[in-house]
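Below is one structure, written out as structure tokens, with a few remarks after it.
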Amino acid sequence: THLVLAGPEMPNFRAACDPSGSVPRSPWERGARIHQLGVLTEPQKRDFFAGIDVFALPSRSDSFGLVLLEAWANQKPVVAYRAGGPADIVRHESDGLLAPCGDVVTLAAALHRLCESAELRAQLAAAGHARTGAEFRWRDKLELVRATYQQKLASDAK
């Protein structure tokens with residue numbers, strides 16, 4: 001098992017590390033190898049998603065969760081905390097798995113389920129991938145913004 005951490009290191013994560021600066025070890029890891037990649041360039045993101053089996057976003061405060069859409073676009077199953085934007089994006093047991101915010105045991109259990117079941121990984125990844133093409137296209141979102149501006153301009157002109 002490899003735990004790959006990508007993205008900016010948050011202050012609360014750094015505070016949880018031991019004085020040597022290494023990631024804290026816990027009994028459930030059973031010898032897991034931990035890799036901290038830091039912030040990734042676009043080409044590195046492609047390699048990152050190509051090299052993983054499961055993507056997790058245990059964020060307490062993510063406002064949307066664009067990285068979840070990136071995972072789905074790369075046909076990866078997702079696990080997230082039921083908090084912020086990800087709670088509104090991920091449909092539990094349909095296109096991803098959600099754990100109560102801060103519940104590390106349930107988060108670990110969800111990750112374990114996905115590690116153990118290639119069928120569940122494929123099912124959730126396919127459902128998420130389908131949603132990215134149907135619900136999260138830039139053209140549609142830009143049209144929604146345009147229509148909102150037009151509606152506001154029309155109401156101000158009255």
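Labels used: A, B, ... for chains in the order of the structure tokens, numbers from 1 for residues in each chain, and numbers from 1 for ligands as shown.
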Can you tell me, as a CSV table (one decimal) with C-alpha atoms, in the first residue's frame, which residues in chain A count as strand (DSSP E) by DSSP?
chain,number,residue,atom,x,y,z
A,2,HIS,CA,1.2,3.5,-0.9
A,3,LEU,CA,-0.3,6.7,0.4
A,4,VAL,CA,0.5,9.5,-2.0
A,5,LEU,CA,-0.1,13.0,-0.8
A,6,ALA,CA,-0.4,15.7,-3.4
A,33,ARG,CA,4.8,3.8,2.2
A,34,ILE,CA,4.0,7.5,2.3
A,35,HIS,CA,5.0,9.8,-0.5
A,36,GLN,CA,4.6,13.6,-0.2
A,37,LEU,CA,4.6,15.1,-3.7
A,38,GLY,CA,3.6,18.7,-2.9
A,55,PHE,CA,-8.6,9.3,-4.9
A,56,ALA,CA,-9.5,10.7,-1.5
A,57,LEU,CA,-10.3,14.3,-0.5
A,78,VAL,CA,-13.4,9.1,-5.1
A,79,VAL,CA,-13.8,9.2,-1.3
A,80,ALA,CA,-14.5,12.5,0.4
A,81,TYR,CA,-15.6,14.0,3.7
A,82,ARG,CA,-19.3,14.9,3.9
A,97,LEU,CA,-18.1,7.3,-1.1
A,98,LEU,CA,-18.6,9.9,1.7
A,99,ALA,CA,-17.5,9.8,5.3
A,100,PRO,CA,-18.6,12.0,8.1
Name the residues in contact with Ala50 in chain A at a cut-off of 10 Å, using only C-alpha atoms, excluding same-chain residues fewer than 6 positions from it; report them as a PyMOL selection string. chain A and resi 44+71+74-76
Prev. selection, all heavy atoms, output as a short mmCIF file (atom, residue, chain, number, x, y, z; two decimals), in the first residue's frame:
data_model
loop_
_atom_site.label_atom_id
_atom_site.label_comp_id
_atom_site.auth_asym_id
_atom_site.auth_seq_id
_atom_site.Cartn_x
_atom_site.Cartn_y
_atom_site.Cartn_z
N GLN A 44 2.32 16.72 -14.30
CA GLN A 44 2.46 15.86 -13.13
C GLN A 44 1.11 15.36 -12.64
O GLN A 44 1.00 14.22 -12.17
CB GLN A 44 3.19 16.60 -12.00
CG GLN A 44 4.65 16.83 -12.27
CD GLN A 44 5.28 17.75 -11.24
OE1 GLN A 44 4.67 18.67 -10.72
NE2 GLN A 44 6.55 17.49 -10.94
N ALA A 71 -10.41 13.82 -10.80
CA ALA A 71 -10.29 12.38 -10.55
C ALA A 71 -11.29 11.62 -11.41
O ALA A 71 -10.95 10.61 -12.05
CB ALA A 71 -10.50 12.07 -9.07
N ASN A 74 -10.43 11.40 -14.96
CA ASN A 74 -9.38 10.40 -15.14
C ASN A 74 -9.84 9.00 -14.76
O ASN A 74 -9.03 8.10 -14.56
CB ASN A 74 -8.14 10.80 -14.35
CG ASN A 74 -7.38 11.92 -15.02
OD1 ASN A 74 -6.63 11.68 -15.94
ND2 ASN A 74 -7.62 13.15 -14.57
N GLN A 75 -11.16 8.84 -14.61
CA GLN A 75 -11.80 7.55 -14.32
C GLN A 75 -11.28 6.90 -13.04
O GLN A 75 -11.01 5.69 -13.01
CB GLN A 75 -11.67 6.62 -15.53
CG GLN A 75 -12.35 7.21 -16.75
CD GLN A 75 -12.33 6.29 -17.93
OE1 GLN A 75 -12.23 5.08 -17.81
NE2 GLN A 75 -12.48 6.86 -19.11
N LYS A 76 -11.20 7.72 -11.98
CA LYS A 76 -10.79 7.22 -10.67
C LYS A 76 -11.96 7.34 -9.70
O LYS A 76 -12.69 8.32 -9.72
CB LYS A 76 -9.59 8.02 -10.12
CG LYS A 76 -8.37 7.98 -11.01
CD LYS A 76 -7.88 6.56 -11.24
CE LYS A 76 -6.71 6.54 -12.21
NZ LYS A 76 -6.28 5.19 -12.52
#
Name all residues at most 7 Å from range 85-91 of chain A (count only C-alpha atoms; drop same-chain ones fewer than 5 positions away) and give them as a count of residues only. 6
CA of Glu9 in chain A sits from CA of Phe48 in chain A at a separation of 16.6 Å
Non-local contacts of Asp95 in chain A (6 Å; only C-alpha atoms; under 2 positions in same chain excluded) as a ChimeraX atom specification: /A:91,124,127-128
If you run DSSP on the backbone here, which positions in chain A get alpha helix (DSSP H)? Please write them as a PyMOL selection string. chain A and resi 11-16+42-51+66-73+84-89+104-116+118-135+138-157
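The residue that comes closest to Ala110 in chain A, out of A:Thr132, A:Leu68, A:Ala126, A:Val54 and on the basis of only C-alpha atoms, is A:Val54.
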One-decimal distance in Å that lies between CA of Pro58 in chain A and CA of Asp103 in chain A: 9.4 Å
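Take CA of Leu69 in chain A and CA of Arg137 in chain A: the distance between them is 10.3 Å.
Using only C-alpha atoms for every distance, the candidate list A:Ser59, A:Ala147, A:Arg139, A:Lys158 yields A:Ser59 as the residue closest to Leu107 in chain A.
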